>>> print(open('my_file.pdb').read())   # PDB, C-alpha atoms and all ligand atoms
ATOM      1  CA  LEU A   2      22.973  20.075 -18.584
ATOM      2  CA  ARG A   3      24.527  23.004 -16.786
ATOM      3  CA  SER A   4      22.968  25.350 -19.304
ATOM      4  CA  LEU A   5      19.687  23.581 -18.742
ATOM      5  CA  GLN A   6      20.033  24.110 -15.022
ATOM      6  CA  LYS A   7      20.781  27.782 -15.577
ATOM      7  CA  LEU A   8      17.795  28.031 -17.884
ATOM      8  CA  ASP A   9      15.579  26.391 -15.290
ATOM      9  CA  GLN A  10      16.723  28.875 -12.702
ATOM     10  CA  GLU A  11      15.912  31.693 -15.092
ATOM     11  CA  ILE A  12      12.505  30.149 -15.758
ATOM     12  CA  ALA A  13      11.791  29.933 -12.031
ATOM     13  CA  GLU A  14      12.772  33.573 -11.613
ATOM     14  CA  ALA A  15      10.679  34.662 -14.597
ATOM     15  CA  ARG A  16       7.705  32.732 -13.251
ATOM     16  CA  ALA A  17       8.105  34.408  -9.851
ATOM     17  CA  ARG A  18       8.236  37.795 -11.593
ATOM     18  CA  VAL A  19       4.981  37.076 -13.443
ATOM     19  CA  SER A  20       3.117  36.027 -10.303
ATOM     20  CA  ALA A  21       4.556  38.911  -8.286
ATOM     21  CA  PHE A  22       2.239  41.187 -10.271
ATOM     22  CA  ASP A  23      -0.921  39.489  -9.018
ATOM     23  CA  PRO A  24      -0.917  40.843  -5.443
ATOM     24  CA  ILE A  25       0.075  44.316  -6.714
ATOM     25  CA  LEU A  26      -2.765  44.311  -9.220
ATOM     26  CA  GLU A  27      -5.134  43.180  -6.495
ATOM     27  CA  GLN A  28      -3.935  45.984  -4.258
ATOM     28  CA  VAL A  29      -4.443  48.544  -7.005
ATOM     29  CA  ALA A  30      -8.002  47.331  -7.551
ATOM     30  CA  GLU A  31      -8.729  47.222  -3.814
ATOM     31  CA  PRO A  32     -10.456  50.623  -3.300
ATOM     32  CA  ALA A  33     -12.789  50.043  -6.243
ATOM     33  CA  ALA A  34     -13.442  46.487  -5.070
ATOM     34  CA  ALA A  35     -14.368  47.736  -1.583
ATOM     35  CA  LEU A  36     -16.816  50.225  -3.091
ATOM     36  CA  GLU A  37     -18.228  47.493  -5.288
ATOM     37  CA  LYS A  38     -18.829  45.363  -2.205
ATOM     38  CA  GLU A  39     -20.571  48.240  -0.445
ATOM     39  CA  THR A  40     -22.697  48.867  -3.533
ATOM     40  CA  GLU A  41     -23.685  45.230  -3.551
ATOM     41  CA  SER A  42     -24.893  45.317   0.057
ATOM     42  CA  VAL A  43     -26.865  48.542  -0.478
ATOM     43  CA  ARG A  44     -28.406  46.994  -3.578
ATOM     44  CA  THR A  45     -29.437  43.901  -1.606
ATOM     45  CA  ARG A  46     -30.989  46.035   1.132
ATOM     46  CA  LEU A  47     -32.812  48.113  -1.463
ATOM     47  CA  LYS A  48     -34.274  45.005  -3.026
ATOM     48  CA  GLU A  49     -35.505  43.783   0.368
ATOM     49  CA  MET A  50     -37.080  47.144   1.116
ATOM     50  CA  LYS A  51     -38.901  47.132  -2.202
ATOM     51  CA  VAL A  52     -40.277  43.675  -1.456
ATOM     52  CA  ASP A  53     -41.449  44.933   1.945
ATOM     53  CA  GLN A  54     -43.001  47.975   0.362
ATOM     54  CA  ARG A  55     -44.916  45.876  -2.162
ATOM     55  CA  ARG A  56     -46.164  43.586   0.598
ATOM     56  CA  LEU A  57     -47.389  46.552   2.643
ATOM     57  CA  GLU A  58     -49.079  48.103  -0.371
ATOM     58  CA  LEU A  59     -51.022  44.915  -0.990
ATOM     59  CA  SER A  60     -52.029  44.758   2.652
ATOM     60  CA  ALA A  61     -53.167  48.396   2.542
ATOM     61  CA  GLU A  62     -55.214  47.730  -0.598
ATOM     62  CA  GLU A  63     -56.888  44.815   1.096
ATOM     63  CA  LYS A  64     -57.740  47.008   4.114
ATOM     64  CA  GLN A  65     -59.168  49.680   1.858
ATOM     65  CA  GLY A  66     -61.458  47.054   0.349
ATOM     66  CA  ARG A  67     -62.562  46.031   3.809
ATOM     67  CA  LEU A  68     -63.205  49.665   4.794
ATOM     68  CA  LYS A  69     -65.370  50.105   1.709
ATOM     69  CA  ARG A  70     -67.422  47.031   2.553
ATOM     70  CA  LEU A  71     -67.798  48.184   6.157
ATOM     71  CA  GLN A  72     -69.015  51.607   4.949
ATOM     72  CA  GLU A  73     -71.652  49.870   2.863
ATOM     73  CA  ARG A  74     -72.713  47.784   5.844
ATOM     74  CA  LEU A  75     -72.970  50.942   7.930
ATOM     75  CA  ASN A  76     -75.553  52.296   5.472
ATOM     76  CA  GLY A  77     -77.682  49.234   5.907
ATOM     77  CA  VAL A  78     -77.643  48.720   9.707
ATOM     78  CA  LYS A  79     -80.997  48.060  11.388
ATOM     79  CA  ASN A  80     -80.281  49.285  14.912
ATOM     80  CA  LEU A  81     -77.846  51.243  17.067
ATOM     81  CA  ARG A  82     -76.110  48.168  18.456
ATOM     82  CA  GLU A  83     -75.340  46.889  14.974
ATOM     83  CA  GLU A  84     -74.127  50.348  13.979
ATOM     84  CA  ALA A  85     -71.816  50.533  17.025
ATOM     85  CA  ALA A  86     -70.322  47.145  16.214
ATOM     86  CA  VAL A  87     -69.612  48.138  12.604
ATOM     87  CA  ARG A  88     -68.093  51.439  13.753
ATOM     88  CA  VAL A  89     -65.749  49.611  16.135
ATOM     89  CA  GLU A  90     -64.535  47.384  13.297
ATOM     90  CA  LEU A  91     -64.223  50.356  10.961
ATOM     91  CA  ASP A  92     -62.074  52.074  13.527
ATOM     92  CA  ILE A  93     -59.776  49.067  13.940
ATOM     93  CA  VAL A  94     -59.297  48.614  10.191
ATOM     94  CA  ARG A  95     -58.772  52.325   9.673
ATOM     95  CA  ARG A  96     -56.046  52.452  12.315
ATOM     96  CA  ALA A  97     -54.336  49.384  10.864
ATOM     97  CA  LEU A  98     -54.453  51.031   7.442
ATOM     98  CA  GLU A  99     -52.886  54.173   8.859
ATOM     99  CA  THR A 100     -50.058  52.123  10.333
ATOM    100  CA  ASP A 101     -49.474  50.440   6.971
ATOM    101  CA  GLU A 102     -49.445  53.773   5.205
ATOM    102  CA  GLN A 103     -46.972  55.243   7.645
ATOM    103  CA  GLU A 104     -44.674  52.271   7.155
ATOM    104  CA  ILE A 105     -44.997  52.600   3.397
ATOM    105  CA  MET A 106     -44.059  56.268   3.604
ATOM    106  CA  SER A 107     -41.031  55.549   5.743
ATOM    107  CA  LEU A 108     -39.954  52.720   3.427
ATOM    108  CA  MET A 109     -40.315  54.934   0.385
ATOM    109  CA  ASP A 110     -38.123  57.446   2.130
ATOM    110  CA  GLN A 111     -35.477  54.821   2.843
ATOM    111  CA  VAL A 112     -35.683  53.532  -0.725
ATOM    112  CA  ARG A 113     -35.119  57.047  -2.005
ATOM    113  CA  ARG A 114     -32.106  57.496   0.232
ATOM    114  CA  SER A 115     -30.653  54.118  -0.747
ATOM    115  CA  GLU A 116     -31.045  54.958  -4.407
ATOM    116  CA  GLU A 117     -29.217  58.201  -3.793
ATOM    117  CA  GLN A 118     -26.507  56.319  -1.935
ATOM    118  CA  LEU A 119     -26.192  53.905  -4.872
ATOM    119  CA  ARG A 120     -25.737  56.755  -7.320
ATOM    120  CA  GLU A 121     -23.090  58.268  -5.088
ATOM    121  CA  LEU A 122     -21.296  54.927  -4.713
ATOM    122  CA  ASP A 123     -21.368  54.436  -8.475
ATOM    123  CA  GLU A 124     -19.719  57.802  -8.946
ATOM    124  CA  ARG A 125     -17.076  57.122  -6.328
ATOM    125  CA  ARG A 126     -16.339  53.717  -7.805
ATOM    126  CA  ALA A 127     -15.995  55.167 -11.291
ATOM    127  CA  GLU A 128     -13.581  57.733  -9.860
ATOM    128  CA  ALA A 129     -11.596  55.077  -8.028
ATOM    129  CA  VAL A 130     -11.346  52.969 -11.187
ATOM    130  CA  GLN A 131     -10.330  55.965 -13.275
ATOM    131  CA  GLU A 132      -7.726  57.029 -10.763
ATOM    132  CA  VAL A 133      -5.798  53.763 -10.847
ATOM    133  CA  GLU A 134      -6.441  52.914 -14.491
ATOM    134  CA  PRO A 135      -3.098  54.215 -15.861
ATOM    135  CA  ARG A 136      -1.189  52.370 -13.144
ATOM    136  CA  ARG A 137      -3.220  49.212 -13.697
ATOM    137  CA  LEU A 138      -2.659  49.269 -17.455
ATOM    138  CA  GLU A 139       1.061  49.790 -16.854
ATOM    139  CA  LEU A 140       1.157  46.801 -14.519
ATOM    140  CA  VAL A 141      -0.791  44.646 -16.931
ATOM    141  CA  ARG A 142       1.621  45.617 -19.699
ATOM    142  CA  GLU A 143       4.623  44.744 -17.523
ATOM    143  CA  GLN A 144       3.084  41.460 -16.523
ATOM    144  CA  THR A 145       2.407  40.609 -20.150
ATOM    145  CA  GLU A 146       6.027  41.371 -20.932
ATOM    146  CA  ALA A 147       7.246  39.186 -18.082
ATOM    147  CA  ARG A 148       4.938  36.448 -19.305
ATOM    148  CA  SER A 149       6.311  36.570 -22.837
ATOM    149  CA  THR A 150       9.855  36.469 -21.434
ATOM    150  CA  LEU A 151       8.857  33.351 -19.547
ATOM    151  CA  GLU A 152       7.358  31.830 -22.681
ATOM    152  CA  GLY A 153      10.555  32.586 -24.572
ATOM    153  CA  LEU A 154      12.597  30.820 -21.908
ATOM    154  CA  GLU A 155      10.276  27.838 -21.949
ATOM    155  CA  GLU A 156      10.616  27.697 -25.721
ATOM    156  CA  ARG A 157      14.401  27.721 -25.385
ATOM    157  CA  ARG A 158      14.177  24.968 -22.799
ATOM    158  CA  LYS A 159      12.198  22.845 -25.239
ATOM    159  CA  GLU A 160      14.898  23.262 -27.885
ATOM    160  CA  TYR A 161      17.543  22.469 -25.307
ATOM    161  CA  THR A 162      15.978  19.292 -24.013
ATOM    162  CA  SER A 163      15.635  18.001 -27.546
ATOM    163  CA  GLN A 164      19.429  18.200 -27.825
ATOM    164  CA  VAL A 165      20.234  16.593 -24.477
ATOM    165  CA  GLY A 166      20.498  12.821 -24.306
ATOM    166  CA  ASP A 167      17.487  10.902 -23.009
ATOM    167  CA  LYS A 168      19.342   9.310 -20.148
ATOM    168  CA  GLU A 169      20.892  12.564 -18.994
ATOM    169  CA  LEU A 170      17.568  14.336 -19.210
ATOM    170  CA  ARG A 171      15.856  11.589 -17.205
ATOM    171  CA  ILE A 172      18.399  11.874 -14.399
ATOM    172  CA  TYR A 173      18.179  15.630 -14.471
ATOM    173  CA  GLU A 174      14.379  15.629 -14.352
ATOM    174  CA  SER A 175      14.218  13.092 -11.549
ATOM    175  CA  PHE A 176      16.544  15.312  -9.537
ATOM    176  CA  ARG A 177      14.357  18.310 -10.169
ATOM    177  CA  ALA A 178      11.227  16.371  -9.285
ATOM    178  CA  GLY A 179      12.908  15.608  -5.968
ATOM    179  CA  GLY A 180      12.960  19.332  -5.341
ATOM    180  CA  ARG A 181      16.681  19.865  -5.701
ATOM    181  CA  ALA A 182      17.744  23.266  -6.923
ATOM    182  CA  VAL A 183      21.239  22.160  -7.879
ATOM    183  CA  VAL A 184      21.407  19.227 -10.249
ATOM    184  CA  VAL A 185      24.668  19.922 -11.975
ATOM    185  CA  ALA A 186      27.844  21.195 -10.316
ATOM    186  CA  VAL A 187      31.237  21.955 -11.753
ATOM    187  CA  LEU A 188      34.236  19.880 -10.711
ATOM    188  CA  THR A 189      36.604  22.208  -8.865
ATOM    189  CA  ASP A 190      40.188  22.676 -10.034
ATOM    190  CA  ASP A 191      41.499  20.535  -7.199
ATOM    191  CA  GLY A 192      39.097  17.737  -8.034
ATOM    192  CA  ALA A 193      36.242  18.195  -5.581
ATOM    193  CA  CYS A 194      32.494  18.268  -6.153
ATOM    194  CA  GLY A 195      31.444  21.885  -6.717
ATOM    195  CA  PHE A 196      28.371  21.394  -4.593
ATOM    196  CA  CYS A 197      29.352  19.416  -1.507
ATOM    197  CA  PHE A 198      33.125  19.804  -1.929
ATOM    198  CA  SER A 199      33.953  16.219  -1.167
ATOM    199  CA  MET A 200      36.870  14.858  -3.137
ATOM    200  CA  VAL A 201      36.144  12.935  -6.314
ATOM    201  CA  PRO A 202      38.369   9.877  -6.986
ATOM    202  CA  LEU A 203      41.050  10.528  -9.616
ATOM    203  CA  GLN A 204      39.661   8.008 -12.061
ATOM    204  CA  ARG A 205      36.242   9.677 -11.926
ATOM    205  CA  GLN A 206      37.818  13.127 -12.218
ATOM    206  CA  SER A 207      39.379  12.258 -15.529
ATOM    207  CA  GLU A 208      36.097  10.732 -16.722
ATOM    208  CA  VAL A 209      34.356  13.976 -15.874
ATOM    209  CA  ARG A 210      37.021  15.988 -17.728
ATOM    210  CA  VAL A 211      36.634  13.842 -20.798
ATOM    211  CA  GLY A 212      32.922  14.506 -20.571
ATOM    212  CA  ARG A 213      31.774  11.490 -22.520
ATOM    213  CA  GLU A 214      29.821   9.948 -19.699
ATOM    214  CA  LEU A 215      27.516  11.233 -17.028
ATOM    215  CA  ILE A 216      29.418  11.104 -13.749
ATOM    216  CA  ARG A 217      27.741  11.812 -10.446
ATOM    217  CA  CYS A 218      29.247  12.828  -7.126
ATOM    218  CA  GLU A 219      29.335   9.803  -4.873
ATOM    219  CA  ALA A 220      28.704  11.929  -1.794
ATOM    220  CA  CYS A 221      25.776  14.117  -2.791
ATOM    221  CA  GLY A 222      24.683  12.748  -6.149
ATOM    222  CA  VAL A 223      24.879  15.893  -8.287
ATOM    223  CA  ILE A 224      25.933  15.482 -11.871
ATOM    224  CA  LEU A 225      29.543  16.628 -12.241
ATOM    225  CA  ALA A 226      30.416  18.931 -15.107
ATOM    226  CA  PRO A 227      33.959  19.567 -16.360
ATOM    227  CA  PRO A 228      35.479  22.922 -15.354
ATOM    228  CA  GLU A 229      34.905  25.636 -17.907
ATOM    229  CA  GLY A 230      37.801  26.130 -20.289
ATOM    230  CA  GLY A 231      39.830  23.454 -18.549
ATOM    231  CA  ALA A 232      41.906  24.019 -15.453
ATOM    232  CA  ASN A 233      42.820  27.672 -15.481
ATOM    233  CA  GLY A 234      44.971  28.500 -12.482
ATOM    234  CA  GLY A 235      43.175  31.495 -11.065
ATOM    235  CA  GLY A 236      42.921  31.569  -7.323
ATOM    236  CA  GLY A 237      44.561  28.252  -6.516
TER
HETATM  237 ZN    ZN A 301      28.975  16.295  -4.100
END
>>> encode(input="my_file.pdb", output="structure tokens")
Amino acid sequence: LRSLQKLDQEIAEARARVSAFDPILEQVAEPAAALEKETESVRTRLKEMKVDQRRLELSAEEKQGRLKRLQERLNGVKNLREEAAVRVELDIVRRALETDEQEIMSLMDQVRRSEEQLRELDERRAEAVQEVEPRRLELVREQTEARSTLEGLEERRKEYTSQVGDKELRIYESFRAGGRAVVVAVLTDDGACGFCFSMVPLQRQSEVRVGRELIRCEACGVILAPPEGGANGGGG
């Protein structure tokens, strides 16, 4: 179980390493993404302007039709008063048409400039992408590596858990589910829990050392593991 705990710690670290690449990758792609966003808004504006332009063109066409009809009427007037009235209308329609045409010209100008801007943005974005591409590929490669390390650890964990007893594994997993980082702790040389350092009764100590049963610390509940290589008198 202690090896399992160690493995789980390694898995957690490997997982953190894999996800640590995400914000870096995002940061690397940031300049190009900003340009992409700008391109998108210019493109939207361009589309709106083209719709406006089309609408104005239709309106101008309609006015030209009206002008033509008014011209024809002018040829067939019967008196001066009728002629004056038609001329007034002609004048109004002509002026409205001029306004439309001016707006169309100015829109066409803006459309041209927006299209230029789009081309420029495209170039800058391509440059920005190209500039960070080696770095991005490197990061992706490293992340892939970290991911395969993680998968290897998870594979090892699977093998491990198949060797651990069901009961032990259940206790271990329920501890982990409770969010505890330390599930297994070594019994210290002087017979205390390696996690909370409260003394373990002598009877339990010897049960831990025998290692046949799963013994838990009565104070903090961690699973107690026998000291490695028995009691070697190192630091007292
Ligand atoms: Zn304890």
>>> residues_near_ligand(input="my_file.pdb", ligand="ligand ZN 301 (chain A)", cutoff="7 Å", atoms="only C-alpha atoms and all ligand atoms", output="ChimeraX atom specification")
/A:194-199,218-223
>>> write_last_selection(input="my_file.pdb", atoms="C-alpha atoms", output="short mmCIF file (atom, residue, chain, number, x, y, z; two decimals), keeping the file's coordinate frame")
data_model
loop_
_atom_site.label_atom_id
_atom_site.label_comp_id
_atom_site.auth_asym_id
_atom_site.auth_seq_id
_atom_site.Cartn_x
_atom_site.Cartn_y
_atom_site.Cartn_z
CA CYS A 194 32.49 18.27 -6.15
CA GLY A 195 31.44 21.88 -6.72
CA PHE A 196 28.37 21.39 -4.59
CA CYS A 197 29.35 19.42 -1.51
CA PHE A 198 33.12 19.80 -1.93
CA SER A 199 33.95 16.22 -1.17
CA CYS A 218 29.25 12.83 -7.13
CA GLU A 219 29.34 9.80 -4.87
CA ALA A 220 28.70 11.93 -1.79
CA CYS A 221 25.78 14.12 -2.79
CA GLY A 222 24.68 12.75 -6.15
CA VAL A 223 24.88 15.89 -8.29
#
>>> axis_aligned_box(input="my_file.pdb", around="segment 168-178 of chain A", padding_each_side="6 Å", output="AutoDock Vina command-line options")
--center_x 16.1 --center_y 13.8 --center_z -14.7 --size_x 21.7 --size_y 21.0 --size_z 22.9
>>> residues_around(input="my_file.pdb", residues="Ala226 of chain A", least_positions_apart="2", cutoff="7 Å", atoms="only C-alpha atoms", output="CSV table (one decimal) with C-alpha atoms, keeping the file's coordinate frame")
chain,number,residue,atom,x,y,z
A,185,VAL,CA,24.7,19.9,-12.0
A,186,ALA,CA,27.8,21.2,-10.3
A,187,VAL,CA,31.2,22.0,-11.8
A,188,LEU,CA,34.2,19.9,-10.7
A,209,VAL,CA,34.4,14.0,-15.9
A,224,ILE,CA,25.9,15.5,-11.9
A,228,PRO,CA,35.5,22.9,-15.4
>>> resolve_selection(input="my_file.pdb", expression="the PyMOL selection byres (((chain A and resi 166-183) around 10) and not hetatm)", output="count of residues only")
20
>>> closest_residue(input="my_file.pdb", among="A:Arg46, A:Arg114, A:Arg158, A:Arg95", to="Arg67 of chain A", atoms="only C-alpha atoms")
A:Arg95
>>> resolve_selection(input="my_file.pdb", expression="the PyMOL selection byres (((chain A and resi 54) around 10) and not hetatm)", output="ChimeraX atom specification")
/A:48-53,55-60,101-102,104-109,112
>>> write_last_selection(input="my_file.pdb", atoms="C-alpha atoms", output="PDB file, keeping the file's coordinate frame")
ATOM      1  CA  LYS A  48     -34.274  45.005  -3.026  1.00  0.00           C
ATOM      2  CA  GLU A  49     -35.505  43.783   0.368  1.00  0.00           C
ATOM      3  CA  MET A  50     -37.080  47.144   1.116  1.00  0.00           C
ATOM      4  CA  LYS A  51     -38.901  47.132  -2.202  1.00  0.00           C
ATOM      5  CA  VAL A  52     -40.277  43.675  -1.456  1.00  0.00           C
ATOM      6  CA  ASP A  53     -41.449  44.933   1.945  1.00  0.00           C
ATOM      7  CA  ARG A  55     -44.916  45.876  -2.162  1.00  0.00           C
ATOM      8  CA  ARG A  56     -46.164  43.586   0.598  1.00  0.00           C
ATOM      9  CA  LEU A  57     -47.389  46.552   2.643  1.00  0.00           C
ATOM     10  CA  GLU A  58     -49.079  48.103  -0.371  1.00  0.00           C
ATOM     11  CA  LEU A  59     -51.022  44.915  -0.990  1.00  0.00           C
ATOM     12  CA  SER A  60     -52.029  44.758   2.652  1.00  0.00           C
ATOM     13  CA  ASP A 101     -49.474  50.440   6.971  1.00  0.00           C
ATOM     14  CA  GLU A 102     -49.445  53.773   5.205  1.00  0.00           C
ATOM     15  CA  GLU A 104     -44.674  52.271   7.155  1.00  0.00           C
ATOM     16  CA  ILE A 105     -44.997  52.600   3.397  1.00  0.00           C
ATOM     17  CA  MET A 106     -44.059  56.268   3.604  1.00  0.00           C
ATOM     18  CA  SER A 107     -41.031  55.549   5.743  1.00  0.00           C
ATOM     19  CA  LEU A 108     -39.954  52.720   3.427  1.00  0.00           C
ATOM     20  CA  MET A 109     -40.315  54.934   0.385  1.00  0.00           C
ATOM     21  CA  VAL A 112     -35.683  53.532  -0.725  1.00  0.00           C
TER      22      VAL A 112
END
>>> resolve_selection(input="my_file.pdb", expression="the PyMOL selection byres (((chain A and resi 129) around 12) and not hetatm)", output="list in words")
Val29, Ala30, Glu31, Pro32, Ala33, Ala34, Ala35, Leu36, Glu37, Leu122, Asp123, Glu124, Arg125, Arg126, Ala127, Glu128, Val130, Gln131, Glu132, Val133, Glu134, Pro135, Arg136 and Arg137 of chain A
>>> write_last_selection(input="my_file.pdb", atoms="C-alpha atoms", output="mmCIF file, in the coordinates of the input")
data_model
loop_
_atom_site.group_PDB
_atom_site.id
_atom_site.type_symbol
_atom_site.label_atom_id
_atom_site.label_comp_id
_atom_site.auth_asym_id
_atom_site.auth_seq_id
_atom_site.Cartn_x
_atom_site.Cartn_y
_atom_site.Cartn_z
ATOM 1 C CA VAL A 29 -4.443 48.544 -7.005
ATOM 2 C CA ALA A 30 -8.002 47.331 -7.551
ATOM 3 C CA GLU A 31 -8.729 47.222 -3.814
ATOM 4 C CA PRO A 32 -10.456 50.623 -3.300
ATOM 5 C CA ALA A 33 -12.789 50.043 -6.243
ATOM 6 C CA ALA A 34 -13.442 46.487 -5.070
ATOM 7 C CA ALA A 35 -14.368 47.736 -1.583
ATOM 8 C CA LEU A 36 -16.816 50.225 -3.091
ATOM 9 C CA GLU A 37 -18.228 47.493 -5.288
ATOM 10 C CA LEU A 122 -21.296 54.927 -4.713
ATOM 11 C CA ASP A 123 -21.368 54.436 -8.475
ATOM 12 C CA GLU A 124 -19.719 57.802 -8.946
ATOM 13 C CA ARG A 125 -17.076 57.122 -6.328
ATOM 14 C CA ARG A 126 -16.339 53.717 -7.805
ATOM 15 C CA ALA A 127 -15.995 55.167 -11.291
ATOM 16 C CA GLU A 128 -13.581 57.733 -9.860
ATOM 17 C CA VAL A 130 -11.346 52.969 -11.187
ATOM 18 C CA GLN A 131 -10.330 55.965 -13.275
ATOM 19 C CA GLU A 132 -7.726 57.029 -10.763
ATOM 20 C CA VAL A 133 -5.798 53.763 -10.847
ATOM 21 C CA GLU A 134 -6.441 52.914 -14.491
ATOM 22 C CA PRO A 135 -3.098 54.215 -15.861
ATOM 23 C CA ARG A 136 -1.189 52.370 -13.144
ATOM 24 C CA ARG A 137 -3.220 49.212 -13.697
#
>>> residues_around(input="my_file.pdb", residues="Arg44 of chain A", least_positions_apart="5", cutoff="10 Å", atoms="all atoms listed in the file", output="list in words")
Lys38, Glu39, Glu49, Met50, Ser115, Glu116, Gln118 and Leu119 of chain A
>>> write_last_selection(input="my_file.pdb", atoms="C-alpha atoms", output="PDB file, in the frame of the given file")
ATOM      1  CA  LYS A  38     -18.829  45.363  -2.205  1.00  0.00           C
ATOM      2  CA  GLU A  39     -20.571  48.240  -0.445  1.00  0.00           C
ATOM      3  CA  GLU A  49     -35.505  43.783   0.368  1.00  0.00           C
ATOM      4  CA  MET A  50     -37.080  47.144   1.116  1.00  0.00           C
ATOM      5  CA  SER A 115     -30.653  54.118  -0.747  1.00  0.00           C
ATOM      6  CA  GLU A 116     -31.045  54.958  -4.407  1.00  0.00           C
ATOM      7  CA  GLN A 118     -26.507  56.319  -1.935  1.00  0.00           C
ATOM      8  CA  LEU A 119     -26.192  53.905  -4.872  1.00  0.00           C
TER       9      LEU A 119
END
>>> atom_distance(input="my_file.pdb", atom1="atom CA of Gly192 of chain A", atom2="atom CA of Ser207 of chain A")
9.3 Å
>>> atom_distance(input="my_file.pdb", atom1="atom CA of Glu73 of chain A", atom2="atom CA of Val87 of chain A")
10.1 Å
>>> atom_distance(input="my_file.pdb", atom1="atom CA of Ala97 of chain A", atom2="atom CA of Ala61 of chain A")
8.5 Å
>>> closest_residue(input="my_file.pdb", among="A:Arg142, A:Arg74, A:Lys159, A:Pro227", to="Val211 of chain A", atoms="all atoms listed in the file")
A:Pro227
>>> closest_residue(input="my_file.pdb", among="A:Val89, A:Leu8, A:Ile25, A:Ala13", to="Gln144 of chain A", atoms="all atoms listed in the file")
A:Ile25
>>> closest_residue(input="my_file.pdb", among="A:Leu225, A:Leu151, A:Val141, A:Arg213", to="Ala17 of chain A", atoms="all atoms listed in the file")
A:Leu151
>>> build_atoms(input="my_file.pdb", residues="segment 172-183 of chain A", atoms="N, CA, C and O atoms", output="PDB file, keeping the file's coordinate frame")
ATOM      1  N   ILE A 172      17.759  11.691 -15.708  1.00  0.00           N
ATOM      2  CA  ILE A 172      18.399  11.874 -14.399  1.00  0.00           C
ATOM      3  C   ILE A 172      18.163  13.301 -13.900  1.00  0.00           C
ATOM      4  O   ILE A 172      17.776  13.533 -12.763  1.00  0.00           O
ATOM      5  N   TYR A 173      18.363  14.225 -14.825  1.00  0.00           N
ATOM      6  CA  TYR A 173      18.179  15.630 -14.471  1.00  0.00           C
ATOM      7  C   TYR A 173      16.761  15.888 -13.968  1.00  0.00           C
ATOM      8  O   TYR A 173      16.561  16.486 -12.910  1.00  0.00           O
ATOM      9  N   GLU A 174      15.777  15.376 -14.716  1.00  0.00           N
ATOM     10  CA  GLU A 174      14.379  15.629 -14.352  1.00  0.00           C
ATOM     11  C   GLU A 174      14.015  14.959 -13.035  1.00  0.00           C
ATOM     12  O   GLU A 174      13.245  15.500 -12.248  1.00  0.00           O
ATOM     13  N   SER A 175      14.569  13.774 -12.790  1.00  0.00           N
ATOM     14  CA  SER A 175      14.218  13.092 -11.549  1.00  0.00           C
ATOM     15  C   SER A 175      14.808  13.850 -10.357  1.00  0.00           C
ATOM     16  O   SER A 175      14.204  13.907  -9.292  1.00  0.00           O
ATOM     17  N   PHE A 176      15.967  14.460 -10.575  1.00  0.00           N
ATOM     18  CA  PHE A 176      16.544  15.312  -9.537  1.00  0.00           C
ATOM     19  C   PHE A 176      15.643  16.491  -9.234  1.00  0.00           C
ATOM     20  O   PHE A 176      15.353  16.812  -8.094  1.00  0.00           O
ATOM     21  N   ARG A 177      15.200  17.127 -10.315  1.00  0.00           N
ATOM     22  CA  ARG A 177      14.357  18.310 -10.169  1.00  0.00           C
ATOM     23  C   ARG A 177      13.041  17.962  -9.495  1.00  0.00           C
ATOM     24  O   ARG A 177      12.543  18.719  -8.654  1.00  0.00           O
ATOM     25  N   ALA A 178      12.490  16.806  -9.875  1.00  0.00           N
ATOM     26  CA  ALA A 178      11.227  16.371  -9.285  1.00  0.00           C
ATOM     27  C   ALA A 178      11.407  16.163  -7.784  1.00  0.00           C
ATOM     28  O   ALA A 178      10.477  16.334  -7.003  1.00  0.00           O
ATOM     29  N   GLY A 179      12.622  15.792  -7.391  1.00  0.00           N
ATOM     30  CA  GLY A 179      12.908  15.608  -5.968  1.00  0.00           C
ATOM     31  C   GLY A 179      13.091  16.926  -5.244  1.00  0.00           C
ATOM     32  O   GLY A 179      13.377  16.945  -4.055  1.00  0.00           O
ATOM     33  N   GLY A 180      12.928  18.017  -5.965  1.00  0.00           N
ATOM     34  CA  GLY A 180      12.960  19.332  -5.341  1.00  0.00           C
ATOM     35  C   GLY A 180      14.357  19.891  -5.154  1.00  0.00           C
ATOM     36  O   GLY A 180      14.564  20.814  -4.382  1.00  0.00           O
ATOM     37  N   ARG A 181      15.315  19.338  -5.856  1.00  0.00           N
ATOM     38  CA  ARG A 181      16.681  19.865  -5.701  1.00  0.00           C
ATOM     39  C   ARG A 181      16.909  21.030  -6.635  1.00  0.00           C
ATOM     40  O   ARG A 181      16.571  20.968  -7.812  1.00  0.00           O
ATOM     41  N   ALA A 182      17.474  22.090  -6.099  1.00  0.00           N
ATOM     42  CA  ALA A 182      17.744  23.266  -6.923  1.00  0.00           C
ATOM     43  C   ALA A 182      18.997  23.044  -7.757  1.00  0.00           C
ATOM     44  O   ALA A 182      19.084  23.448  -8.904  1.00  0.00           O
ATOM     45  N   VAL A 183      19.984  22.383  -7.171  1.00  0.00           N
ATOM     46  CA  VAL A 183      21.239  22.160  -7.879  1.00  0.00           C
ATOM     47  C   VAL A 183      21.302  20.718  -8.362  1.00  0.00           C
ATOM     48  O   VAL A 183      21.246  19.783  -7.569  1.00  0.00           O
TER      49      VAL A 183
END
